[in-house]
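Content type CSV, C-alpha atoms and all ligand atoms, from the file model36.csv:
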chain,number,residue,atom,x,y,z
A,161,MET,CA,1.9,-20.9,6.9
A,162,VAL,CA,-1.2,-20.0,4.9
A,163,LYS,CA,-1.1,-21.7,1.6
A,164,LEU,CA,-2.7,-20.2,-1.5
A,165,LYS,CA,-4.0,-22.5,-4.1
A,166,THR,CA,-2.6,-20.4,-6.9
A,167,MET,CA,0.0,-20.9,-9.6
A,168,SER,CA,0.3,-17.4,-10.9
A,169,ILE,CA,-0.2,-13.8,-10.1
A,170,THR,CA,-3.2,-13.7,-12.4
A,171,LEU,CA,-4.9,-16.5,-10.5
A,172,GLY,CA,-3.9,-14.9,-7.3
A,173,LEU,CA,-5.8,-11.8,-8.2
A,174,SER,CA,-8.9,-13.6,-9.2
A,175,VAL,CA,-8.8,-15.5,-5.9
A,176,SER,CA,-8.5,-12.1,-4.1
A,177,LEU,CA,-11.7,-10.9,-5.9
A,178,LEU,CA,-13.4,-14.1,-4.9
A,179,LEU,CA,-12.4,-13.6,-1.3
A,180,THR,CA,-13.6,-10.0,-1.3
A,181,GLY,CA,-16.9,-11.3,-2.7
A,182,CYS,CA,-17.3,-14.0,-0.1
A,183,GLY,CA,-16.4,-11.5,2.6
A,184,SER,CA,-19.2,-9.2,1.9
A,185,GLU,CA,-21.7,-12.1,1.8
A,186,GLU,CA,-20.5,-13.3,5.2
A,187,GLY,CA,-21.7,-10.2,6.9
A,188,ASN,CA,-20.2,-6.8,7.6
A,189,GLN,CA,-21.5,-6.0,11.1
A,190,LYS,CA,-18.0,-5.2,12.3
A,191,HIS,CA,-17.2,-2.3,10.1
A,192,GLY,CA,-20.0,0.2,10.5
A,193,SER,CA,-19.6,3.9,11.0
A,194,ALA,CA,-16.2,5.3,10.7
A,195,GLY,CA,-16.0,7.4,13.9
A,196,GLY,CA,-17.3,4.6,16.0
A,197,GLU,CA,-14.9,2.1,14.8
A,198,THR,CA,-11.9,4.4,15.1
A,199,ALA,CA,-12.8,5.4,18.6
A,200,ASN,CA,-13.0,1.9,20.0
A,201,LEU,CA,-10.6,0.2,17.6
A,202,GLY,CA,-7.8,0.2,20.2
A,203,GLU,CA,-10.1,-1.6,22.7
A,204,GLN,CA,-11.2,-4.1,20.1
A,205,LEU,CA,-7.6,-4.9,19.3
A,206,ASP,CA,-6.6,-4.8,23.0
A,207,TYR,CA,-4.1,-2.1,21.8
A,208,THR,CA,-2.1,-4.8,20.1
A,209,ILE,CA,-0.3,-4.8,16.8
A,210,THR,CA,0.3,-8.3,15.4
A,211,GLY,CA,4.0,-8.5,14.6
A,212,ILE,CA,6.5,-11.1,13.4
A,213,GLU,CA,9.8,-12.5,14.6
A,214,PRO,CA,11.7,-10.5,17.3
A,215,GLY,CA,14.9,-10.5,15.1
A,216,ALA,CA,13.2,-9.0,11.9
A,217,GLY,CA,14.2,-5.5,10.8
A,218,THR,CA,10.5,-4.9,10.6
A,219,THR,CA,10.1,-5.6,14.3
A,220,GLU,CA,12.8,-3.1,15.2
A,221,LEU,CA,11.2,-0.4,13.1
A,222,ALA,CA,7.8,-1.2,14.5
A,223,ARG,CA,9.2,-0.8,18.0
A,224,ASN,CA,10.6,2.5,17.0
A,225,THR,CA,7.2,3.5,15.5
A,226,LEU,CA,5.5,2.8,18.9
A,227,ALA,CA,8.0,5.0,20.6
A,228,GLU,CA,7.9,7.8,18.0
A,229,TYR,CA,4.1,8.3,17.6
A,230,GLY,CA,2.6,9.9,20.7
A,231,ASN,CA,-0.9,8.6,19.7
A,232,LEU,CA,0.4,5.0,20.1
A,233,GLU,CA,0.9,5.5,23.8
A,234,GLY,CA,-0.2,2.3,25.5
A,235,TRP,CA,-0.1,0.2,22.3
A,236,GLU,CA,1.9,-3.0,22.2
A,237,LEU,CA,3.7,-5.1,19.6
A,238,LEU,CA,3.0,-8.8,19.8
A,239,GLU,CA,6.2,-10.4,18.6
A,240,SER,CA,5.7,-13.9,17.3
A,241,SER,CA,6.3,-15.4,13.9
A,242,THR,CA,5.4,-14.6,10.3
A,243,ALA,CA,3.3,-17.8,10.2
A,244,GLY,CA,1.5,-16.7,13.4
A,245,MET,CA,0.9,-13.2,11.9
A,246,LEU,CA,-0.4,-14.7,8.6
A,247,GLY,CA,-2.7,-17.0,10.5
A,248,ALA,CA,-4.1,-14.2,12.6
A,249,LEU,CA,-4.6,-12.1,9.5
A,250,GLU,CA,-6.4,-14.9,7.7
A,251,GLU,CA,-8.7,-15.5,10.7
A,252,ALA,CA,-9.5,-11.7,11.0
A,253,VAL,CA,-10.2,-11.4,7.3
A,254,LYS,CA,-12.5,-14.5,7.3
A,255,ASN,CA,-14.6,-12.9,10.1
A,256,GLU,CA,-14.2,-9.3,8.8
A,257,GLU,CA,-12.7,-8.3,12.1
A,258,PRO,CA,-10.1,-5.5,12.6
A,259,ILE,CA,-6.5,-6.4,12.8
A,260,ILE,CA,-3.2,-4.4,12.5
A,261,ILE,CA,-0.2,-6.3,11.4
A,262,THR,CA,3.4,-5.5,10.5
A,263,GLY,CA,3.5,-6.3,6.8
A,264,TRP,CA,5.7,-5.9,3.7
A,265,THR,CA,5.6,-6.1,0.0
A,266,PRO,CA,6.4,-8.0,-2.2
A,267,HIS,CA,4.3,-10.6,-0.5
A,268,TRP,CA,1.3,-12.8,-1.6
A,269,MET,CA,-0.7,-11.5,1.4
A,270,PHE,CA,-1.6,-8.5,-0.8
A,271,SER,CA,-3.0,-10.8,-3.5
A,272,ALA,CA,-4.7,-13.2,-1.1
A,273,ASP,CA,-6.5,-10.3,0.7
A,274,ASP,CA,-7.4,-6.7,0.0
A,275,LEU,CA,-4.9,-5.0,2.3
A,276,LYS,CA,-3.5,-1.4,2.7
A,277,PHE,CA,-0.5,0.1,4.3
A,278,LEU,CA,-1.3,2.7,6.9
A,279,GLU,CA,0.2,6.1,6.0
A,280,ASP,CA,3.3,6.8,8.0
A,281,PRO,CA,3.7,10.6,8.2
A,282,LYS,CA,6.7,10.4,10.6
A,283,GLY,CA,8.4,8.0,8.2
A,284,THR,CA,9.5,5.6,10.9
A,285,PHE,CA,9.2,2.7,8.5
A,286,GLY,CA,11.3,4.4,5.9
A,287,GLY,CA,9.0,4.5,2.8
A,288,SER,CA,10.0,2.8,-0.4
A,289,GLU,CA,13.2,0.9,-0.3
A,290,ASN,CA,15.3,-1.8,-1.9
A,291,VAL,CA,17.0,-5.1,-1.5
A,292,ASN,CA,20.7,-5.0,-1.9
A,293,THR,CA,23.5,-7.5,-2.6
A,294,ILE,CA,26.2,-7.5,0.0
A,295,VAL,CA,29.4,-9.6,-0.1
A,296,ARG,CA,32.3,-10.1,2.2
A,297,LYS,CA,35.6,-8.3,1.7
A,298,GLY,CA,38.0,-10.2,-0.6
A,299,LEU,CA,35.3,-12.0,-2.5
A,300,GLU,CA,36.1,-10.2,-5.7
A,301,GLU,CA,39.7,-11.6,-5.6
A,302,ASP,CA,38.8,-15.0,-4.3
A,303,MET,CA,35.8,-15.8,-6.5
A,304,PRO,CA,35.7,-13.4,-9.4
A,305,SER,CA,33.0,-15.4,-11.3
A,306,ALA,CA,30.6,-15.4,-8.4
A,307,TYR,CA,31.4,-11.8,-7.7
A,308,THR,CA,30.5,-10.7,-11.2
A,309,ILE,CA,27.2,-12.6,-11.2
A,310,LEU,CA,26.3,-11.2,-7.8
A,311,ASP,CA,27.2,-7.7,-8.9
A,312,ARG,CA,25.1,-8.0,-12.0
A,313,PHE,CA,22.1,-9.7,-10.3
A,314,TYR,CA,19.0,-7.4,-10.7
A,315,TRP,CA,15.4,-8.3,-11.1
A,316,GLU,CA,11.9,-6.7,-10.7
A,317,PRO,CA,9.4,-7.2,-7.9
A,318,GLU,CA,7.2,-9.1,-10.4
A,319,ASP,CA,10.0,-11.6,-10.9
A,320,MET,CA,10.3,-12.2,-7.2
A,321,GLU,CA,6.5,-12.5,-6.9
A,322,THR,CA,6.4,-15.1,-9.6
A,323,VAL,CA,8.8,-17.3,-7.7
A,324,MET,CA,6.9,-16.7,-4.4
A,325,PHE,CA,3.5,-17.6,-6.0
A,326,ASP,CA,4.9,-20.7,-7.6
A,327,ALA,CA,6.4,-21.7,-4.3
A,328,GLN,CA,2.9,-21.9,-2.8
A,329,GLU,CA,2.6,-25.1,-4.8
A,330,VAL,CA,6.1,-26.5,-5.3
A,331,PRO,CA,9.3,-26.3,-3.2
A,332,PHE,CA,11.3,-23.1,-3.6
A,333,GLU,CA,14.1,-24.9,-5.4
A,334,GLU,CA,11.7,-25.9,-8.1
A,335,ALA,CA,10.0,-22.5,-8.3
A,336,ALA,CA,13.4,-20.9,-8.7
A,337,MET,CA,14.3,-23.4,-11.5
A,338,ASN,CA,11.0,-22.7,-13.2
A,339,TRP,CA,11.7,-18.9,-13.1
A,340,ILE,CA,15.2,-19.4,-14.4
A,341,GLU,CA,13.9,-21.6,-17.3
A,342,ALA,CA,11.3,-19.0,-18.2
A,343,ASN,CA,13.7,-16.1,-17.9
A,344,SER,CA,16.9,-17.4,-19.5
A,345,ASP,CA,17.5,-14.0,-21.2
A,346,LYS,CA,17.8,-12.3,-17.8
A,347,VAL,CA,20.0,-15.0,-16.3
A,348,GLU,CA,22.1,-14.7,-19.5
A,349,GLU,CA,22.7,-11.0,-18.8
A,350,TRP,CA,24.1,-11.9,-15.3
A,351,THR,CA,26.3,-14.8,-16.5
A,352,LYS,CA,27.4,-13.6,-20.0
A,353,GLY,CA,31.2,-14.2,-20.5
A,354,VAL,CA,31.7,-15.4,-16.9
A,355,GLU,CA,34.2,-18.2,-16.5
A,356,LYS,CA,32.8,-21.5,-15.1
A,357,VAL,CA,34.4,-23.0,-12.0
A,358,GLU,CA,34.7,-26.6,-10.8
A,359,GLY,CA,33.0,-27.2,-7.5
A,360,ASP,CA,34.3,-24.1,-5.7
A,361,GLU,CA,32.3,-23.8,-2.4
A,362,ILE,CA,30.4,-20.6,-1.8
A,363,GLU,CA,28.3,-19.8,1.3
A,364,LEU,CA,25.2,-17.6,0.7
A,365,VAL,CA,23.6,-16.2,3.8
A,366,SER,CA,20.0,-15.2,3.8
A,367,THR,CA,17.0,-14.5,6.0
A,368,PRO,CA,14.0,-16.9,6.6
A,369,TRP,CA,11.3,-15.0,4.7
A,370,ASP,CA,9.7,-15.9,1.3
A,371,THR,CA,11.0,-12.9,-0.4
A,372,GLU,CA,14.6,-14.0,0.4
A,373,ARG,CA,13.8,-17.7,-0.2
A,374,ALA,CA,12.9,-16.6,-3.7
A,375,SER,CA,16.0,-14.6,-4.4
A,376,GLY,CA,18.3,-17.0,-2.5
A,377,TYR,CA,17.2,-20.1,-4.4
A,378,VAL,CA,17.4,-18.3,-7.7
A,379,MET,CA,21.0,-17.1,-7.0
A,380,LYS,CA,21.9,-20.6,-5.6
A,381,ALA,CA,20.7,-22.3,-8.8
A,382,VAL,CA,22.4,-19.7,-11.1
A,383,LEU,CA,25.7,-20.2,-9.2
A,384,GLU,CA,25.4,-24.0,-9.3
A,385,GLN,CA,24.9,-23.8,-13.1
A,386,GLN,CA,28.2,-21.9,-13.1
A,387,GLY,CA,29.9,-24.8,-11.4
A,388,TYR,CA,29.8,-23.6,-7.7
A,389,GLU,CA,28.8,-25.8,-4.8
A,390,VAL,CA,26.4,-23.5,-2.9
A,391,THR,CA,25.2,-23.5,0.6
A,392,LEU,CA,22.2,-21.3,1.4
A,393,THR,CA,21.8,-20.6,5.1
A,394,PRO,CA,18.8,-18.6,6.5
A,395,VAL,CA,19.5,-16.8,9.7
A,396,ASP,CA,18.3,-13.7,11.5
A,397,PRO,CA,19.3,-10.4,9.8
A,398,ALA,CA,21.7,-9.6,12.6
A,399,VAL,CA,23.5,-12.9,12.2
A,400,MET,CA,23.6,-12.5,8.4
A,401,PHE,CA,25.4,-9.1,8.6
A,402,GLN,CA,27.7,-10.5,11.3
A,403,ALA,CA,28.6,-13.5,9.0
A,404,LEU,CA,29.4,-11.3,6.0
A,405,ALA,CA,31.5,-8.9,8.1
A,406,SER,CA,33.5,-11.7,9.7
A,407,GLY,CA,33.9,-13.5,6.4
A,408,GLU,CA,32.1,-16.7,7.5
A,409,GLY,CA,29.5,-16.0,4.9
A,410,ASP,CA,30.5,-15.0,1.3
A,411,ALA,CA,27.5,-13.2,0.0
A,412,SER,CA,23.8,-12.2,0.5
A,413,VAL,CA,21.1,-11.0,-1.7
A,414,ALA,CA,18.7,-10.4,1.2
A,415,PRO,CA,19.5,-7.1,3.0
A,416,TRP,CA,16.6,-4.6,2.9
A,417,LEU,CA,18.0,-1.1,2.7
A,418,PRO,CA,18.3,1.7,3.5
A,419,SER,CA,15.7,1.3,6.3
A,420,THR,CA,14.7,-2.2,7.4
A,421,HIS,CA,18.2,-3.4,8.1
A,422,ALA,CA,19.8,0.0,8.7
A,423,SER,CA,20.9,-0.7,12.3
A,424,PHE,CA,22.7,-4.0,11.2
A,425,TYR,CA,24.2,-2.3,8.2
A,426,GLU,CA,25.5,0.7,10.2
A,427,LYS,CA,27.2,-1.6,12.7
A,428,HIS,CA,29.1,-3.5,10.0
A,429,LYS,CA,29.3,-1.3,6.9
A,430,GLU,CA,33.1,-0.8,7.2
A,431,ASP,CA,33.6,-4.5,6.9
A,432,LEU,CA,31.3,-5.2,4.0
A,433,VAL,CA,31.2,-4.7,0.3
A,434,ASP,CA,27.8,-3.3,-0.8
A,435,LEU,CA,27.1,-4.1,-4.5
A,436,GLY,CA,23.9,-2.0,-4.5
A,437,GLU,CA,20.3,-2.9,-5.3
A,438,ASN,CA,19.2,-6.2,-6.8
A,439,LEU,CA,15.5,-5.1,-6.6
A,440,LYS,CA,13.8,-1.8,-6.1
A,441,GLY,CA,10.5,-0.8,-4.6
A,442,THR,CA,9.9,-2.8,-1.5
A,443,GLU,CA,8.0,-1.4,1.5
A,444,ILE,CA,7.3,-2.4,5.1
A,445,GLY,CA,4.8,-0.9,7.6
A,446,LEU,CA,1.6,-1.3,9.5
A,447,VAL,CA,-0.9,-3.1,7.3
A,448,VAL,CA,-4.7,-3.5,7.7
A,449,PRO,CA,-7.5,-5.1,5.7
A,450,ALA,CA,-9.0,-2.5,3.3
A,451,TYR,CA,-12.4,-2.8,5.0
A,452,MET,CA,-11.0,-1.0,8.0
A,453,ASP,CA,-11.9,2.7,8.3
A,454,ILE,CA,-8.5,4.0,9.0
A,455,ASN,CA,-5.8,5.2,6.7
A,456,SER,CA,-2.9,6.5,8.8
A,457,ILE,CA,-1.0,5.5,11.8
A,458,GLU,CA,-2.0,8.9,13.2
A,459,ASP,CA,-5.7,7.8,13.1
A,460,LEU,CA,-5.0,5.4,16.0
A,461,LYS,CA,-6.0,6.6,19.5
A,462,PRO,CA,-3.8,6.2,22.6
A,463,LYS,CA,-4.9,3.8,25.3
A,464,GLU,CA,-7.0,5.6,27.9
B,501,LIG,N1,11.0,-8.9,6.1
B,501,LIG,C1,11.1,-9.6,4.8
B,501,LIG,C2,12.4,-8.9,6.6
B,501,LIG,C3,13.2,-8.7,5.4
B,501,LIG,C4,12.5,-9.4,4.4
B,501,LIG,C5,10.6,-7.5,5.7
B,501,LIG,C6,10.1,-9.6,6.9
B,501,LIG,C7,12.7,-8.1,7.9
B,501,LIG,O1,11.9,-7.5,8.4
B,501,LIG,O2,13.9,-8.2,8.3

Could you render the structure from this file as structure tokens?
Amino acid sequence: MVKLKTMSITLGLSVSLLLTGCGSEEGNQKHGSAGGETANLGEQLDYTITGIEPGAGTTELARNTLAEYGNLEGWELLESSTAGMLGALEEAVKNEEPIIITGWTPHWMFSADDLKFLEDPKGTFGGSENVNTIVRKGLEEDMPSAYTILDRFYWEPEDMETVMFDAQEVPFEEAAMNWIEANSDKVEEWTKGVEKVEGDEIELVSTPWDTERASGYVMKAVLEQQGYEVTLTPVDPAVMFQALASGEGDASVAPWLPSTHASFYEKHKEDLVDLGENLKGTEIGLVVPAYMDINSIEDLKPKE
């Protein structure tokens, strides 16, 4: 995983300016005339989009995107890992070479590099969406204190980003505690009047991305302060929904809805309790460095 030497968003932004500055000094032979680049961009990229884990919702929507856009005929999605994608992105940006990745926000990749989402006129990536809190059936009766806190949990993208940035330097547990200490007023809103428990076990299921490490560790620490013994298990989105529907997992603050995890949600929605958004304004899609002369998925040319 690419590690940023930053402690805060402010610092992150100044590093991004720095990187942009370095970039233009290193040479810009690769991004000359607009038409020329667009015409042979596919060839330069070997008609490949650099993707992430096969089980990610983003990967499923990227596969749908390749199928839905006629102009993406002959393009392929390279499914690998988030770390692999971020490494390839860093390498491309360092050399000012073109690259198309599957990306999402919030993520520090947008502060580390000057990136842009490609417009998605067919809407196959779903536009702006949210992160929801979903619990198993019966949780309200079995663990009313945890249920109330989970139901009230709501924060802003900036809060999540603060934890993610901090976690570039310290473990997520510590970054979560730092955020909780600095935001006791928000935590107080979620826990006000809630009865403490004594070591009741609760199983949080999550996914293995930094966005959900941030929210997962914050929720884990808040529930622990309330007296719960919390397990936080990162799994594929499909497994996470399955675990909540079967009751093996108690709760999750990780589902991206209504688009990214739509197929898993649809499959299990009768067996879940959806407590609504805990964060608004996320986005997934095809992402490129800002120096590339394309703006829309429709600018890409099919393989000849
Ligand atoms: N993500 C981050 C996940 C959800 C959170 C966008 C990579 C996914 O695609 O499933």

Report the closest atom pair, with its distance in Å rounded to one decimal, for each residue of chain A that has an atom no farther than 8 Å from ligand LIG 501 (chain B); count all atoms listed in the file, sort by chain and then rising residue number, and write it as a Markdown table.
| residue | atom | partner | partner_atom | distance |
| --- | --- | --- | --- | --- |
| A:Ile212 | CA | B:LIG501 | C6 | 7.6 |
| A:Gly215 | CA | B:LIG501 | O2 | 7.2 |
| A:Ala216 | CA | B:LIG501 | O2 | 3.8 |
| A:Gly217 | CA | B:LIG501 | O2 | 3.7 |
| A:Thr218 | CA | B:LIG501 | O1 | 3.7 |
| A:Thr219 | CA | B:LIG501 | O1 | 6.5 |
| A:Thr242 | CA | B:LIG501 | C6 | 7.7 |
| A:Gly263 | CA | B:LIG501 | C5 | 7.3 |
| A:Trp264 | CA | B:LIG501 | C5 | 5.5 |
| A:Thr265 | CA | B:LIG501 | C5 | 7.7 |
| A:Thr367 | CA | B:LIG501 | C3 | 7.0 |
| A:Pro368 | CA | B:LIG501 | C4 | 8.0 |
| A:Trp369 | CA | B:LIG501 | C1 | 5.4 |
| A:Asp370 | CA | B:LIG501 | C1 | 7.3 |
| A:Thr371 | CA | B:LIG501 | C4 | 6.1 |
| A:Glu372 | CA | B:LIG501 | C4 | 6.4 |
| A:Asp396 | CA | B:LIG501 | O2 | 7.7 |
| A:Pro397 | CA | B:LIG501 | O2 | 6.0 |
| A:Ala414 | CA | B:LIG501 | C4 | 7.0 |
| A:Pro415 | CA | B:LIG501 | C3 | 6.9 |
| A:Trp416 | CA | B:LIG501 | C3 | 5.9 |
| A:Thr420 | CA | B:LIG501 | O1 | 6.1 |
| A:His421 | CA | B:LIG501 | O2 | 6.4 |
| A:Glu443 | CA | B:LIG501 | C5 | 7.8 |
| A:Ile444 | CA | B:LIG501 | C5 | 6.1 |

Practice task
Might you pull out every residue within 12 Å of Lys352 of chain A, with only C-alpha atoms counted and same-chain residues fewer than 6 positions away left off, and present them as a PyMOL selection string?
Solution key: chain A and resi 305+308-309+312-313+344-346+382+386

Would you save the residues from that selection as a PDB file, in the coordinates of the input, using C-alpha atoms?
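Final output, result-v9.pdb:
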ATOM      1  CA  SER A 305      33.000 -15.400 -11.300  1.00  0.00           C
ATOM      2  CA  THR A 308      30.500 -10.700 -11.200  1.00  0.00           C
ATOM      3  CA  ILE A 309      27.200 -12.600 -11.200  1.00  0.00           C
ATOM      4  CA  ARG A 312      25.100  -8.000 -12.000  1.00  0.00           C
ATOM      5  CA  PHE A 313      22.100  -9.700 -10.300  1.00  0.00           C
ATOM      6  CA  SER A 344      16.900 -17.400 -19.500  1.00  0.00           C
ATOM      7  CA  ASP A 345      17.500 -14.000 -21.200  1.00  0.00           C
ATOM      8  CA  LYS A 346      17.800 -12.300 -17.800  1.00  0.00           C
ATOM      9  CA  VAL A 382      22.400 -19.700 -11.100  1.00  0.00           C
ATOM     10  CA  GLN A 386      28.200 -21.900 -13.100  1.00  0.00           C
TER      11      GLN A 386
END

In Å and to one decimal, atom CA of Asp274 of chain A is distant from atom CA of Val447 of chain A by 10.4 Å

Do you know which residues are at most 12 Å from segment 225-229 of chain A counting only C-alpha atoms, after dropping those on the same chain fewer than 4 positions away, and could you put them as number ranges by chain? A: 207-209, 218-221, 233-238, 262, 280-286, 444-446, 456-462

Nearest to Ala450 of chain A, restricted to only C-alpha atoms and choosing among A:Met303, A:Ala411, A:Ile260, A:Leu232, comes out as A:Ile260

What separates atom CA of Leu278 of chain A and atom CA of Pro449 of chain A is a distance of 10.0 Å

Ser288 of chain A proximity check over A:Ile261, A:Pro266, A:Ser241, A:Ala252, using all atoms listed in the file: winner is A:Pro266

Find the residues of segment 353-380 of chain A that sit at most 10 Å from segment 324-339 of chain A; for each, write down the nearest two atoms and how far apart they are in Å, to one decimal. Count only C-alpha atoms. Sort by chain, then by number going up, and give it as a Markdown table.
| residue | atom | partner | partner_atom | distance |
| --- | --- | --- | --- | --- |
| A:Asp370 | CA | A:Met324 | CA | 6.4 |
| A:Thr371 | CA | A:Met324 | CA | 6.9 |
| A:Glu372 | CA | A:Met324 | CA | 9.5 |
| A:Arg373 | CA | A:Phe332 | CA | 6.9 |
| A:Ala374 | CA | A:Met324 | CA | 6.0 |
| A:Ser375 | CA | A:Ala336 | CA | 8.1 |
| A:Gly376 | CA | A:Ala336 | CA | 8.8 |
| A:Tyr377 | CA | A:Ala336 | CA | 5.8 |
| A:Val378 | CA | A:Ala336 | CA | 4.9 |
| A:Met379 | CA | A:Ala336 | CA | 8.7 |
| A:Lys380 | CA | A:Glu333 | CA | 8.9 |

Residue subset to file, keeping C-alpha atoms, as a PDB file, in the frame of the given file:
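Ended up saving to selection35.pdb:
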ATOM      1  CA  ASP A 370       9.700 -15.900   1.300  1.00  0.00           C
ATOM      2  CA  THR A 371      11.000 -12.900  -0.400  1.00  0.00           C
ATOM      3  CA  GLU A 372      14.600 -14.000   0.400  1.00  0.00           C
ATOM      4  CA  ARG A 373      13.800 -17.700  -0.200  1.00  0.00           C
ATOM      5  CA  ALA A 374      12.900 -16.600  -3.700  1.00  0.00           C
ATOM      6  CA  SER A 375      16.000 -14.600  -4.400  1.00  0.00           C
ATOM      7  CA  GLY A 376      18.300 -17.000  -2.500  1.00  0.00           C
ATOM      8  CA  TYR A 377      17.200 -20.100  -4.400  1.00  0.00           C
ATOM      9  CA  VAL A 378      17.400 -18.300  -7.700  1.00  0.00           C
ATOM     10  CA  MET A 379      21.000 -17.100  -7.000  1.00  0.00           C
ATOM     11  CA  LYS A 380      21.900 -20.600  -5.600  1.00  0.00           C
TER      12      LYS A 380
END

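For the choices A:Gln402, A:Asp311, A:Gly409, A:Leu201, the atom-to-atom distance to Glu430 of chain A is smallest for A:Gln402 when using all atoms listed in the file.
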
inquiry  = My list of candidates is A:Gly247, A:Pro258, A:Gly353, A:Gly230. Which is closest to Gly202 of chain A when distances are computed with all atoms listed in the file?
reply    =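 Among the listed residues, the smallest separation from Gly202 of chain A belongs to A:Pro258.
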
Between A:Ala222, A:Ile259, A:Val295, A:Leu246, smallest distance to Leu205 of chain A by all atoms listed in the file belongs to A:Ile259

Q) Using only C-alpha atoms, which residue out of A:Glu213, A:Glu257, A:Glu408, A:Glu251 lies closest to Asp453 of chain A? A)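 Smallest distance to Asp453 of chain A is found for A:Glu257.
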
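Interatomic distance, atom CA of Ala403 of chain A against atom CA of Pro214 of chain A: 19.1 Å.
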
Got a sec to check which residues sit within 8 Å of (29.8, -8.8, -1.9), counting only C-alpha atoms, and write them as a list in words?
Thr293, Ile294, Val295, Arg296, Lys297, Leu299, Glu300, Tyr307, Leu310, Asp311, Asp410, Ala411, Ser412, Leu432, Val433, Asp434 and Leu435 of chain A
